[in-house]
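Asks: See entry_14.txt below, with compact mmCIF, C-alpha atoms and all ligand atoms.
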```
# COMPACT_ATOMS: atom_id res chain seq x y z
CA MET A 1051 157.74 34.44 102.90
CA ALA A 1052 155.19 32.78 100.62
CA MET A 1053 152.65 33.10 103.42
CA LEU A 1054 153.43 36.80 103.80
CA ARG A 1055 153.02 37.29 100.07
CA SER A 1056 149.63 35.60 100.01
CA LEU A 1057 148.54 37.59 103.06
CA MET A 1058 149.51 40.80 101.32
CA ALA A 1059 147.72 39.68 98.18
CA LEU A 1060 144.62 38.93 100.24
CA ARG A 1061 144.71 42.38 101.87
CA ARG A 1062 145.02 43.97 98.44
CA LEU A 1063 142.12 41.91 97.15
CA GLN A 1064 139.90 42.91 100.05
CA ARG A 1065 140.67 46.59 99.47
CA LEU A 1066 139.75 46.23 95.82
CA ALA A 1067 136.74 44.16 96.56
CA VAL A 1068 135.07 46.73 98.79
CA ALA A 1069 135.71 49.68 96.51
CA PRO A 1070 132.44 50.85 94.94
CA LEU A 1071 132.31 49.92 91.32
CA SER A 1072 130.23 52.20 89.25
CA PHE A 1073 131.37 50.68 85.98
CA THR A 1074 129.05 48.09 84.62
CA GLY A 1075 130.72 45.37 82.66
CA GLY A 1076 134.07 47.20 82.17
CA ALA A 1077 137.42 45.46 82.21
CA THR A 1078 138.13 46.53 85.81
CA THR A 1079 134.91 44.95 87.01
CA GLN A 1080 135.66 41.76 85.16
CA VAL A 1081 139.13 41.49 86.69
CA LEU A 1082 137.82 42.11 90.21
CA ARG A 1083 135.09 39.51 89.77
CA GLU A 1084 137.69 36.96 88.85
CA MET A 1085 140.03 37.90 91.70
CA SER A 1086 137.72 38.15 94.67
CA THR A 1087 135.96 35.37 96.47
CA LEU A 1088 133.74 37.66 98.50
CA PRO A 1089 129.96 37.47 97.87
CA ARG A 1090 128.89 39.62 94.94
CA VAL A 1091 126.24 42.27 95.43
CA TYR A 1092 124.50 44.51 92.92
CA VAL A 1093 122.97 47.81 94.06
CA THR A 1094 120.43 49.19 91.61
CA ARG A 1095 120.76 52.86 92.59
CA GLN A 1096 123.19 55.37 94.01
CA ILE A 1097 122.00 55.12 97.62
CA PRO A 1098 122.37 57.80 100.35
CA PRO A 1099 125.82 58.06 101.98
CA GLU A 1100 125.09 56.28 105.26
CA GLY A 1101 124.17 53.03 103.57
CA LEU A 1102 126.99 53.32 101.08
CA ARG A 1103 129.51 53.85 103.86
CA ILE A 1104 128.36 50.74 105.74
CA LEU A 1105 128.51 48.68 102.56
CA ARG A 1106 131.95 49.98 101.66
CA ASP A 1107 133.38 49.58 105.16
CA SER A 1108 131.96 46.13 105.77
CA GLY A 1109 134.70 44.32 103.88
CA GLN A 1110 132.13 41.58 103.56
CA VAL A 1111 131.16 41.90 99.93
CA GLN A 1112 132.31 43.05 96.53
CA PHE A 1113 129.70 45.29 95.05
CA GLU A 1114 128.73 47.08 91.91
CA LEU A 1115 126.23 49.87 91.83
CA TRP A 1116 124.24 51.72 89.23
CA ASP A 1117 125.90 55.04 89.80
CA SER A 1118 122.99 57.40 89.27
CA ASP A 1119 120.06 58.64 91.30
CA ASP A 1120 118.48 60.46 88.38
CA VAL A 1121 117.98 57.64 85.94
CA PRO A 1122 116.97 54.14 87.01
CA VAL A 1123 119.04 51.30 85.63
CA PRO A 1124 117.52 50.26 82.28
CA ARG A 1125 115.87 46.87 82.50
CA ASN A 1126 118.22 45.25 79.96
CA GLU A 1127 121.27 46.41 81.87
CA LEU A 1128 119.76 45.31 85.13
CA LEU A 1129 119.18 41.83 83.73
CA GLN A 1130 122.82 41.70 82.67
CA ASN A 1131 124.24 43.18 85.85
CA VAL A 1132 122.50 40.82 88.26
CA LYS A 1133 123.91 37.70 86.64
CA GLY A 1134 125.48 35.48 89.27
CA VAL A 1135 125.08 37.89 92.21
CA ASP A 1136 124.64 36.62 95.77
CA GLY A 1137 122.80 39.70 96.99
CA LEU A 1138 120.71 42.43 95.45
CA LEU A 1139 119.81 45.80 96.91
CA CYS A 1140 117.02 47.56 95.05
CA VAL A 1141 114.65 50.49 95.31
CA LEU A 1142 110.95 50.61 94.47
CA THR A 1143 111.41 51.39 90.78
CA GLU A 1144 112.81 47.92 90.06
CA LYS A 1145 110.39 45.14 89.33
CA ILE A 1146 111.75 42.02 90.95
CA ASP A 1147 109.97 39.24 89.12
CA ALA A 1148 110.62 35.76 87.72
CA GLU A 1149 112.50 37.13 84.70
CA LEU A 1150 114.91 39.08 86.89
CA LEU A 1151 115.39 36.26 89.38
CA ASP A 1152 116.08 33.85 86.52
CA ALA A 1153 118.63 36.31 85.12
CA ALA A 1154 120.30 36.52 88.53
CA GLY A 1155 120.49 32.77 88.81
CA PRO A 1156 120.80 30.35 91.72
CA ASN A 1157 123.50 32.24 93.65
CA LEU A 1158 121.02 34.92 94.72
CA LYS A 1159 120.26 34.40 98.38
CA VAL A 1160 119.22 37.82 99.65
CA LEU A 1161 117.17 40.69 98.31
CA SER A 1162 117.01 43.92 100.25
CA THR A 1163 114.67 46.70 99.19
CA MET A 1164 115.16 50.26 100.37
CA SER A 1165 111.43 50.78 100.86
CA VAL A 1166 108.64 49.88 103.24
CA GLY A 1167 106.36 48.96 100.33
CA PHE A 1168 107.00 45.68 98.56
CA ASP A 1169 104.44 45.63 95.77
CA HIS A 1170 107.35 45.78 93.28
CA LEU A 1171 108.52 42.35 94.47
CA SER A 1172 107.06 39.06 93.37
CA LEU A 1173 107.01 37.44 96.80
CA GLU A 1174 105.82 34.13 95.43
CA GLU A 1175 108.82 33.87 93.07
CA LEU A 1176 111.20 34.89 95.84
CA LYS A 1177 109.75 32.32 98.20
CA LYS A 1178 109.87 29.58 95.58
CA ARG A 1179 113.61 30.23 95.17
CA GLY A 1180 114.29 30.45 98.91
CA ILE A 1181 115.51 34.05 98.64
CA ARG A 1182 115.30 36.05 101.86
CA VAL A 1183 113.86 39.55 101.70
CA GLY A 1184 114.66 42.61 103.78
CA TYR A 1185 112.72 45.90 103.76
CA THR A 1186 112.73 49.21 105.65
CA PRO A 1187 109.64 49.78 107.83
CA GLU A 1188 109.56 52.02 110.94
CA VAL A 1189 112.53 54.25 110.07
CA LEU A 1190 110.31 56.21 107.70
CA THR A 1191 107.13 56.38 109.79
CA ASP A 1192 107.72 59.90 111.14
CA ALA A 1193 108.67 61.37 107.77
CA VAL A 1194 105.67 59.82 106.01
CA ALA A 1195 103.24 60.92 108.75
CA GLU A 1196 104.66 64.44 108.68
CA LEU A 1197 104.32 64.71 104.90
CA THR A 1198 100.78 63.31 105.06
CA VAL A 1199 99.77 66.07 107.45
CA ALA A 1200 101.44 68.66 105.20
CA LEU A 1201 99.63 67.31 102.13
CA LEU A 1202 96.32 67.17 103.98
CA LEU A 1203 96.60 70.80 105.05
CA ALA A 1204 97.86 71.92 101.64
CA THR A 1205 94.81 70.28 100.07
CA SER A 1206 92.15 71.20 102.62
CA ARG A 1207 93.30 74.84 102.98
CA ARG A 1208 94.07 75.16 99.26
CA LEU A 1209 97.64 76.31 99.75
CA ILE A 1210 98.90 75.56 96.24
CA GLU A 1211 95.97 77.39 94.66
CA ALA A 1212 96.47 80.28 97.07
CA THR A 1213 100.18 80.80 96.33
CA HIS A 1214 99.41 80.59 92.62
CA GLU A 1215 96.73 83.30 92.96
CA ALA A 1216 99.06 85.50 95.00
CA LYS A 1217 101.84 85.18 92.45
CA THR A 1218 99.75 85.62 89.30
CA GLY A 1219 97.60 88.62 90.12
CA GLY A 1220 94.49 86.80 91.34
CA TRP A 1221 94.83 88.47 94.75
CA GLY A 1222 92.28 91.29 94.70
CA THR A 1223 90.53 92.64 97.73
CA TRP A 1224 90.04 90.52 100.83
CA ARG A 1225 86.94 88.44 100.11
CA THR A 1226 84.64 86.65 102.51
CA LEU A 1227 84.55 83.23 100.86
CA TRP A 1228 87.58 83.34 98.59
CA LEU A 1229 89.85 80.30 98.87
CA CYS A 1230 87.88 78.88 101.77
CA GLY A 1231 88.61 75.30 102.65
CA TYR A 1232 87.83 72.75 105.32
CA GLU A 1233 89.28 72.56 108.80
CA LEU A 1234 90.34 69.67 110.93
CA ALA A 1235 88.74 71.00 114.11
CA ASN A 1236 85.58 68.97 114.89
CA SER A 1237 86.17 66.68 111.92
CA THR A 1238 86.07 62.92 111.57
CA VAL A 1239 89.28 61.47 110.18
CA GLY A 1240 89.14 58.04 108.57
CA ILE A 1241 92.17 55.82 108.13
CA LEU A 1242 92.11 53.18 105.44
CA GLY A 1243 94.62 50.57 106.61
CA LEU A 1244 95.70 51.07 110.19
CA GLY A 1245 99.36 50.35 110.77
CA ARG A 1246 102.28 52.25 112.25
CA ILE A 1247 101.95 55.03 109.70
CA GLY A 1248 98.19 55.45 110.23
CA VAL A 1249 98.74 55.71 113.97
CA ALA A 1250 101.54 58.26 113.51
CA ILE A 1251 99.32 60.37 111.25
CA ALA A 1252 96.47 60.30 113.77
CA GLU A 1253 98.82 61.25 116.60
CA ARG A 1254 99.90 64.30 114.63
CA LEU A 1255 96.35 65.26 113.66
CA ALA A 1256 94.83 64.90 117.14
CA PRO A 1257 96.17 68.28 118.39
CA PHE A 1258 94.23 69.94 115.56
CA LYS A 1259 91.10 69.07 117.62
CA VAL A 1260 89.86 66.22 115.46
CA LYS A 1261 86.55 65.01 116.92
CA LYS A 1262 86.82 61.36 116.03
CA PHE A 1263 89.15 58.85 114.42
CA ILE A 1264 87.72 55.85 112.60
CA TYR A 1265 89.50 53.16 110.61
CA THR A 1266 89.01 50.07 108.57
CA ASP A 1267 91.30 47.18 107.81
CA VAL A 1268 90.97 43.47 107.06
CA ALA A 1269 90.23 42.99 110.77
CA PRO A 1270 90.12 45.22 113.86
CA ARG A 1271 93.54 46.16 115.23
CA PRO A 1272 92.66 46.98 118.84
CA GLU A 1273 96.22 47.45 120.09
CA LEU A 1274 97.04 50.08 117.49
CA ALA A 1275 93.57 51.64 117.61
CA LYS A 1276 93.76 52.09 121.38
CA ALA A 1277 96.73 54.41 121.04
CA ILE A 1278 94.66 56.88 119.03
CA ASN A 1279 91.20 56.04 120.36
CA ALA A 1280 89.99 55.02 116.92
CA GLU A 1281 86.80 53.11 116.21
CA TYR A 1282 86.72 50.19 113.78
CA VAL A 1283 84.09 50.61 111.05
CA SER A 1284 83.23 49.01 107.71
CA LEU A 1285 84.62 50.45 104.47
CA ASP A 1286 81.14 51.85 103.71
CA GLU A 1287 80.96 53.65 107.04
CA LEU A 1288 84.49 54.92 106.60
CA ALA A 1289 83.48 56.49 103.28
CA LYS A 1290 80.24 57.92 104.69
CA GLN A 1291 81.60 59.38 107.91
CA SER A 1292 85.10 60.64 107.02
CA ASP A 1293 85.67 64.34 106.47
CA PHE A 1294 89.27 63.43 105.75
CA LEU A 1295 90.11 60.00 104.43
CA SER A 1296 93.77 59.05 104.75
CA VAL A 1297 94.81 56.07 102.65
CA CYS A 1298 97.60 54.18 104.41
CA CYS A 1299 97.17 50.59 103.27
CA ALA A 1300 99.63 48.45 101.32
CA LEU A 1301 98.85 47.76 97.68
CA THR A 1302 97.68 44.16 97.41
CA PRO A 1303 95.23 42.37 95.09
CA GLU A 1304 92.55 43.10 97.76
CA THR A 1305 93.25 46.84 97.97
CA LYS A 1306 93.88 47.49 94.25
CA GLU A 1307 91.57 50.36 93.25
CA ILE A 1308 89.60 50.01 96.46
CA CYS A 1309 89.07 53.78 96.22
CA ASN A 1310 86.78 53.79 93.22
CA LYS A 1311 83.49 55.28 92.11
CA ASP A 1312 81.48 53.19 94.59
CA LEU A 1313 83.53 54.56 97.47
CA PHE A 1314 83.54 58.15 96.20
CA ALA A 1315 79.74 57.97 95.75
CA LYS A 1316 79.39 57.28 99.48
CA MET A 1317 81.64 60.14 100.55
CA LYS A 1318 80.41 63.60 101.51
CA ASN A 1319 80.85 66.33 98.93
CA THR A 1320 82.90 68.21 101.52
CA SER A 1321 85.34 65.32 102.04
CA ILE A 1322 88.99 65.15 101.17
CA ILE A 1323 91.00 62.06 100.32
CA ILE A 1324 94.74 61.88 100.92
CA ASN A 1325 96.85 59.05 99.51
CA THR A 1326 100.40 58.48 100.70
CA SER A 1327 100.44 54.70 100.19
CA ARG A 1328 100.46 53.51 96.58
CA GLY A 1329 98.80 54.98 93.50
CA GLY A 1330 97.27 51.63 92.56
CA VAL A 1331 94.91 51.79 95.56
CA VAL A 1332 92.95 54.54 93.78
CA ASN A 1333 91.11 54.29 90.48
CA GLN A 1334 92.31 57.57 88.96
CA GLU A 1335 89.57 57.83 86.32
CA ASP A 1336 86.93 57.52 89.01
CA LEU A 1337 88.82 60.03 91.15
CA TYR A 1338 88.93 62.52 88.29
CA GLU A 1339 85.19 62.14 87.85
CA ALA A 1340 84.49 62.56 91.58
CA LEU A 1341 86.70 65.66 91.82
CA SER A 1342 85.52 67.35 88.65
CA THR A 1343 81.83 66.83 89.40
CA GLY A 1344 82.17 67.98 93.00
CA GLN A 1345 81.22 64.59 94.39
CA ILE A 1346 84.14 65.02 96.79
CA ALA A 1347 85.91 68.27 97.68
CA GLY A 1348 89.57 67.49 97.12
CA ALA A 1349 92.39 64.99 96.82
CA GLY A 1350 96.02 65.08 97.87
CA LEU A 1351 98.14 62.44 96.19
CA ASP A 1352 101.77 61.65 96.88
CA VAL A 1353 101.53 58.52 94.74
CA THR A 1354 100.04 57.88 91.32
CA VAL A 1355 99.91 55.40 88.46
CA PRO A 1356 102.20 55.69 86.63
CA GLU A 1357 105.07 57.47 88.32
CA PRO A 1358 105.98 59.98 87.16
CA LEU A 1359 102.42 60.97 86.24
CA PRO A 1360 102.56 62.49 82.73
CA THR A 1361 102.16 66.26 82.88
CA SER A 1362 99.29 65.92 80.40
CA HIS A 1363 97.27 63.82 82.88
CA PRO A 1364 93.75 65.22 83.47
CA LEU A 1365 94.26 65.18 87.26
CA PHE A 1366 96.84 67.97 86.81
CA THR A 1367 94.12 70.22 85.39
CA LEU A 1368 92.10 70.18 88.60
CA LYS A 1369 92.54 72.89 91.20
CA ASN A 1370 91.20 70.61 93.90
CA CYS A 1371 93.84 67.94 93.32
CA VAL A 1372 97.29 68.42 94.85
CA ILE A 1373 99.87 66.05 93.39
CA LEU A 1374 103.33 65.45 94.85
CA PRO A 1375 106.08 63.35 93.22
CA HIS A 1376 106.24 60.47 95.76
CA ILE A 1377 108.22 62.29 98.46
CA ALA A 1378 106.60 61.06 101.68
CA SER A 1379 109.82 59.62 103.12
CA ALA A 1380 112.06 62.23 101.53
CA SER A 1381 113.93 63.78 104.43
CA TYR A 1382 117.73 63.52 104.56
CA SER A 1383 117.72 61.69 107.89
CA THR A 1384 115.04 59.20 106.87
CA ARG A 1385 116.50 58.37 103.47
CA ASN A 1386 119.90 57.85 105.13
CA ALA A 1387 118.32 55.63 107.78
CA MET A 1388 116.53 53.65 105.07
CA SER A 1389 119.76 53.11 103.17
CA ALA A 1390 121.58 52.01 106.34
CA LEU A 1391 118.80 49.58 107.24
CA ALA A 1392 118.66 48.19 103.70
CA VAL A 1393 122.42 47.59 103.70
CA ASN A 1394 122.43 46.05 107.17
CA ASN A 1395 119.57 43.74 106.19
CA LEU A 1396 121.55 42.67 103.15
CA LEU A 1397 124.80 42.03 105.02
CA LEU A 1398 123.06 40.12 107.81
CA GLY A 1399 121.15 38.05 105.28
CA LEU A 1400 124.33 37.18 103.42
CA ARG A 1401 125.90 36.05 106.71
CA GLY A 1402 122.91 33.78 107.27
CA GLN A 1403 121.81 35.78 110.31
CA PRO A 1404 118.36 37.22 111.09
CA MET A 1405 117.84 40.56 109.37
CA ILE A 1406 116.78 43.64 111.32
CA LYS A 1407 113.62 43.85 109.24
CA GLU A 1408 112.81 40.75 107.25
CA LEU A 1409 109.62 39.95 105.40
CA LYS A 1410 107.96 36.69 106.36
CA LEU A 1411 107.42 34.88 103.07
O1 LIG A 1501 106.98 54.56 99.14
C1 LIG A 1501 107.99 54.41 99.77
C2 LIG A 1501 108.36 53.17 100.37
O2 LIG A 1501 107.72 52.15 100.13
O3 LIG A 1501 109.34 53.18 101.12
```
Transcribe the structure of this file into structure tokens.
Replies:
Amino acid sequence: MAMLRSLMALRRLQRLAVAPLSFTGGATTQVLREMSTLPRVYVTRQIPPEGLRILRDSGQVQFELWDSDDVPVPRNELLQNVKGVDGLLCVLTEKIDAELLDAAGPNLKVLSTMSVGFDHLSLEELKKRGIRVGYTPEVLTDAVAELTVALLLATSRRLIEATHEAKTGGWGTWRTLWLCGYELANSTVGILGLGRIGVAIAERLAPFKVKKFIYTDVAPRPELAKAINAEYVSLDELAKQSDFLSVCCALTPETKEICNKDLFAKMKNTSIIINTSRGGVVNQEDLYEALSTGQIAGAGLDVTVPEPLPTSHPLFTLKNCVILPHIASASYSTRNAMSALAVNNLLLGLRGQPMIKELKL
């Protein structure tokens, strides 16, 4: 009888433990923390339903989540909410640094970020503490490549300017050179940082009759380059030869502001730069100068510093600069796949098993 009672109590506990808790620090949360022995997880954002379902159905953890997608968890609350957790699932708006890891304390074993980029994580601090890190590459490659092509065409064929003119009375008679842009046919496309995403972009651009693909990286990547018949060149040559320069590299100390006035000075005045990696790779003051003086023809940016870019930023005043609010991976299927992968990485990590996608620290 006693055994039956404890079994029933355990079942009840498990049900409670896997219910999503959107209250932070309330009495209910406190009671559940005290009752359950399952590993504790904090999720810093309301994640897409696929990931949430896996987390909820796993029965493996008790979790709390910041129940909003519109407002990131304030830093102070985050520091409070991570106290004592075993696992943390974050998105790219959270800075995971020594202060946060100290606030979490020694129980934290696994961090899973719902992003391919990891420049918001202090890898050194994570490594020092023996915390394993999961991330979400590959599942977003198609979406990012697709958006990059869309942004490239919107910029090179001046689509945003054109719809604005059509809507606001600028559309007069058909004119021979009005709203002319640059075409991909017979062009040279340069890729700064050749990885899966760079290859996927090139594969999509090739049918537009691109003449040549070139790329640069820390070293040649012959296996990847072979797939798209791309030639390895220096950064200087990349700047000089590219009609379209697609920035696809990770943000690291080496690539920080690698697109600066020296690089823009080497580019053709008919060239277009597209950045779907991280805003920090581009020096925005130098970019403004290059665009406003006609040193280069246009820029398409999905990423900026800071994000959101203030509406008063000078780059917003330029017709030849198309700015998107960091949406490269924003398709329903991809964001769901990212959330599922992030949750599975977390659960596997907490079980001490290899993650599906784990960063080597
Ligand atoms: O920018 C998006 C990501 O890193 O996933």
Asks: Counting all atoms listed in the file, which residues of segment 1292-1381 of chain A fall within 10 Å of segment 1196-1212 of chain A, and what is the closest atom pair for each with its distance in Å at one decimal, ordered by chain and rising number, as JSON lines?
Replies:
```
{"residue": "A:Phe1294", "atom": "CA", "partner": "A:Leu1202", "partner_atom": "CA", "distance": 8.2}
{"residue": "A:Leu1295", "atom": "CA", "partner": "A:Leu1202", "partner_atom": "CA", "distance": 9.5}
{"residue": "A:Ser1296", "atom": "CA", "partner": "A:Thr1198", "partner_atom": "CA", "distance": 8.2}
{"residue": "A:Val1297", "atom": "CA", "partner": "A:Thr1198", "partner_atom": "CA", "distance": 9.7}
{"residue": "A:Cys1298", "atom": "CA", "partner": "A:Thr1198", "partner_atom": "CA", "distance": 9.7}
{"residue": "A:Thr1320", "atom": "CA", "partner": "A:Ser1206", "partner_atom": "CA", "distance": 9.8}
{"residue": "A:Ser1321", "atom": "CA", "partner": "A:Ser1206", "partner_atom": "CA", "distance": 9.0}
{"residue": "A:Ile1322", "atom": "CA", "partner": "A:Ser1206", "partner_atom": "CA", "distance": 7.0}
{"residue": "A:Ile1323", "atom": "CA", "partner": "A:Leu1202", "partner_atom": "CA", "distance": 8.2}
{"residue": "A:Ile1324", "atom": "CA", "partner": "A:Leu1202", "partner_atom": "CA", "distance": 6.3}
{"residue": "A:Asn1325", "atom": "CA", "partner": "A:Thr1198", "partner_atom": "CA", "distance": 8.0}
{"residue": "A:Thr1326", "atom": "CA", "partner": "A:Thr1198", "partner_atom": "CA", "distance": 6.5}
{"residue": "A:Ser1327", "atom": "CA", "partner": "A:Thr1198", "partner_atom": "CA", "distance": 9.9}
{"residue": "A:Ala1347", "atom": "CA", "partner": "A:Ser1206", "partner_atom": "CA", "distance": 8.5}
{"residue": "A:Gly1348", "atom": "CA", "partner": "A:Thr1205", "partner_atom": "CA", "distance": 6.6}
{"residue": "A:Ala1349", "atom": "CA", "partner": "A:Thr1205", "partner_atom": "CA", "distance": 6.7}
{"residue": "A:Gly1350", "atom": "CA", "partner": "A:Thr1205", "partner_atom": "CA", "distance": 5.8}
{"residue": "A:Leu1351", "atom": "CA", "partner": "A:Leu1201", "partner_atom": "CA", "distance": 7.8}
{"residue": "A:Asp1352", "atom": "CA", "partner": "A:Leu1201", "partner_atom": "CA", "distance": 8.0}
{"residue": "A:Lys1369", "atom": "CA", "partner": "A:Glu1211", "partner_atom": "CA", "distance": 6.6}
{"residue": "A:Asn1370", "atom": "CA", "partner": "A:Thr1205", "partner_atom": "CA", "distance": 7.2}
{"residue": "A:Cys1371", "atom": "CA", "partner": "A:Thr1205", "partner_atom": "CA", "distance": 7.2}
{"residue": "A:Val1372", "atom": "CA", "partner": "A:Thr1205", "partner_atom": "CA", "distance": 6.1}
{"residue": "A:Ile1373", "atom": "CA", "partner": "A:Leu1201", "partner_atom": "CA", "distance": 8.8}
{"residue": "A:Leu1374", "atom": "CA", "partner": "A:Leu1201", "partner_atom": "CA", "distance": 8.4}
{"residue": "A:Ile1377", "atom": "CA", "partner": "A:Leu1197", "partner_atom": "CA", "distance": 7.9}
{"residue": "A:Ala1378", "atom": "CA", "partner": "A:Leu1197", "partner_atom": "CA", "distance": 5.4}
{"residue": "A:Ser1379", "atom": "CA", "partner": "A:Leu1197", "partner_atom": "CA", "distance": 7.7}
{"residue": "A:Ala1380", "atom": "CA", "partner": "A:Leu1197", "partner_atom": "CA", "distance": 8.8}
{"residue": "A:Ser1381", "atom": "CA", "partner": "A:Leu1197", "partner_atom": "CA", "distance": 9.7}
```
Asks: Taking all atoms of ligand LIG 1501 (chain A) that appear in the file, build a box with edges along x, y and z, extend it by 3 Å on every side, and state its centre and edge lengths in Å to one decimal, as AutoDock Vina command-line options.
Replies:
```
--center_x 108.2 --center_y 53.4 --center_z 100.1 --size_x 8.4 --size_y 8.4 --size_z 8.0
```
Asks: Hey, which residues sit close to ligand LIG 1501 (chain A)? Say within 10 Å, counting all atoms listed in the file, and write them as a PyMOL selection string.
Replies: chain A and resi 1141-1143+1163-1170+1185-1191+1194+1300+1326-1329+1352-1353+1376-1380+1385+1388
Asks: Would you mind reading off the distance between atom CA of Leu1313 of chain A and atom CA of Ile1278 of chain A, one decimal, in Å?
Replies: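 Going from atom CA of Leu1313 of chain A over to atom CA of Ile1278 of chain A, I get 24.4 Å.
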Asks: What's the separation between atom CA of Ser1383 of chain A and atom CA of Asp1192 of chain A, in Å to one decimal place?
Replies: 10.7 Å
Asks: Just the number, please: distance in Å from atom CA of Ala1148 of chain A to atom CA of Leu1176 of chain A, one decimal.
Replies: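 Separation of atom CA of Ala1148 of chain A and atom CA of Leu1176 of chain A: 8.2 Å.
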Asks: Find the spatial neighbours of Gly1155 of chain A, counting all atoms listed in the file, within a cut-off of 12 Å - ignore same-chain residues fewer than 4 positions away - and output them as a PyMOL selection string.
Replies: chain A and resi 1129-1138+1148-1151+1159+1176+1179+1181
Asks: Can you find the residues with an atom no farther than 7 Å from (86.7, 65.9, 113.7), counting all atoms listed in the file, and report them as a list of chain:residue names?
Replies: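 Residues found, by chain and rising number: A:Leu1234, A:Ala1235, A:Asn1236, A:Ser1237, A:Thr1238, A:Val1239, A:Lys1259, A:Val1260, A:Lys1261, A:Lys1262.
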Asks: A:Val1091, A:Leu1227, A:Ala1289, A:Ile1346: which is nearest Asn1157 of chain A, counting all atoms listed in the file?
Replies: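 Ranking A:Val1091, A:Leu1227, A:Ala1289, A:Ile1346 by distance to Asn1157 of chain A, first place goes to A:Val1091.
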Asks: May I have a table of the residues of segment 1102-1151 of chain A lying at most 12 Å from segment 1389-1411 of chain A, giving each one's closest pair of atoms and their distance in Å to one decimal, counting only C-alpha atoms, ordered by chain and ascending residue number, as a tab-separated table?
Replies:
```
residue	atom	partner	partner_atom	distance
A:Leu1102	CA	A:Ser1389	CA	7.5
A:Arg1103	CA	A:Ala1390	CA	8.5
A:Ile1104	CA	A:Ala1390	CA	6.9
A:Leu1105	CA	A:Val1393	CA	6.3
A:Arg1106	CA	A:Val1393	CA	10.0
A:Asp1107	CA	A:Val1393	CA	11.2
A:Ser1108	CA	A:Leu1397	CA	8.3
A:Gly1109	CA	A:Leu1397	CA	10.2
A:Gln1110	CA	A:Leu1397	CA	7.5
A:Val1111	CA	A:Leu1397	CA	8.1
A:Gln1112	CA	A:Leu1397	CA	11.4
A:Phe1113	CA	A:Val1393	CA	11.5
A:Val1135	CA	A:Leu1400	CA	11.3
A:Asp1136	CA	A:Leu1400	CA	7.7
A:Gly1137	CA	A:Leu1396	CA	7.0
A:Leu1138	CA	A:Leu1396	CA	7.7
A:Leu1139	CA	A:Leu1396	CA	7.2
A:Cys1140	CA	A:Ala1392	CA	8.8
A:Val1141	CA	A:Ala1392	CA	9.6
```
Asks: In terms of the shortest atom-to-atom distance over all atoms listed in the file, which of A:Leu1128, A:Ala1216, A:Leu1242, A:Leu1274 is closest to Glu1287 of chain A?
Replies: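 The closest residue to Glu1287 of chain A is A:Leu1242.
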Asks: Using all atoms listed in the file, can you tell me which of A:Glu1281, A:Glu1100, A:Asp1120, A:Glu1253 comes closest to Thr1266 of chain A?
Replies: A:Glu1281
Asks: Of the candidates A:Trp1116, A:Phe1314, A:Asp1152, A:Gly1240, which one gets nearest to Lys1178 of chain A if we count all atoms listed in the file?
Replies: A:Asp1152
Asks: Out of A:Arg1182, A:Leu1161, A:Pro1098, A:Arg1125, which residue has the shortest atom-to-atom distance to Tyr1382 of chain A when counting all atoms listed in the file?
Replies: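 Under the stated criterion, the closest residue is A:Pro1098.
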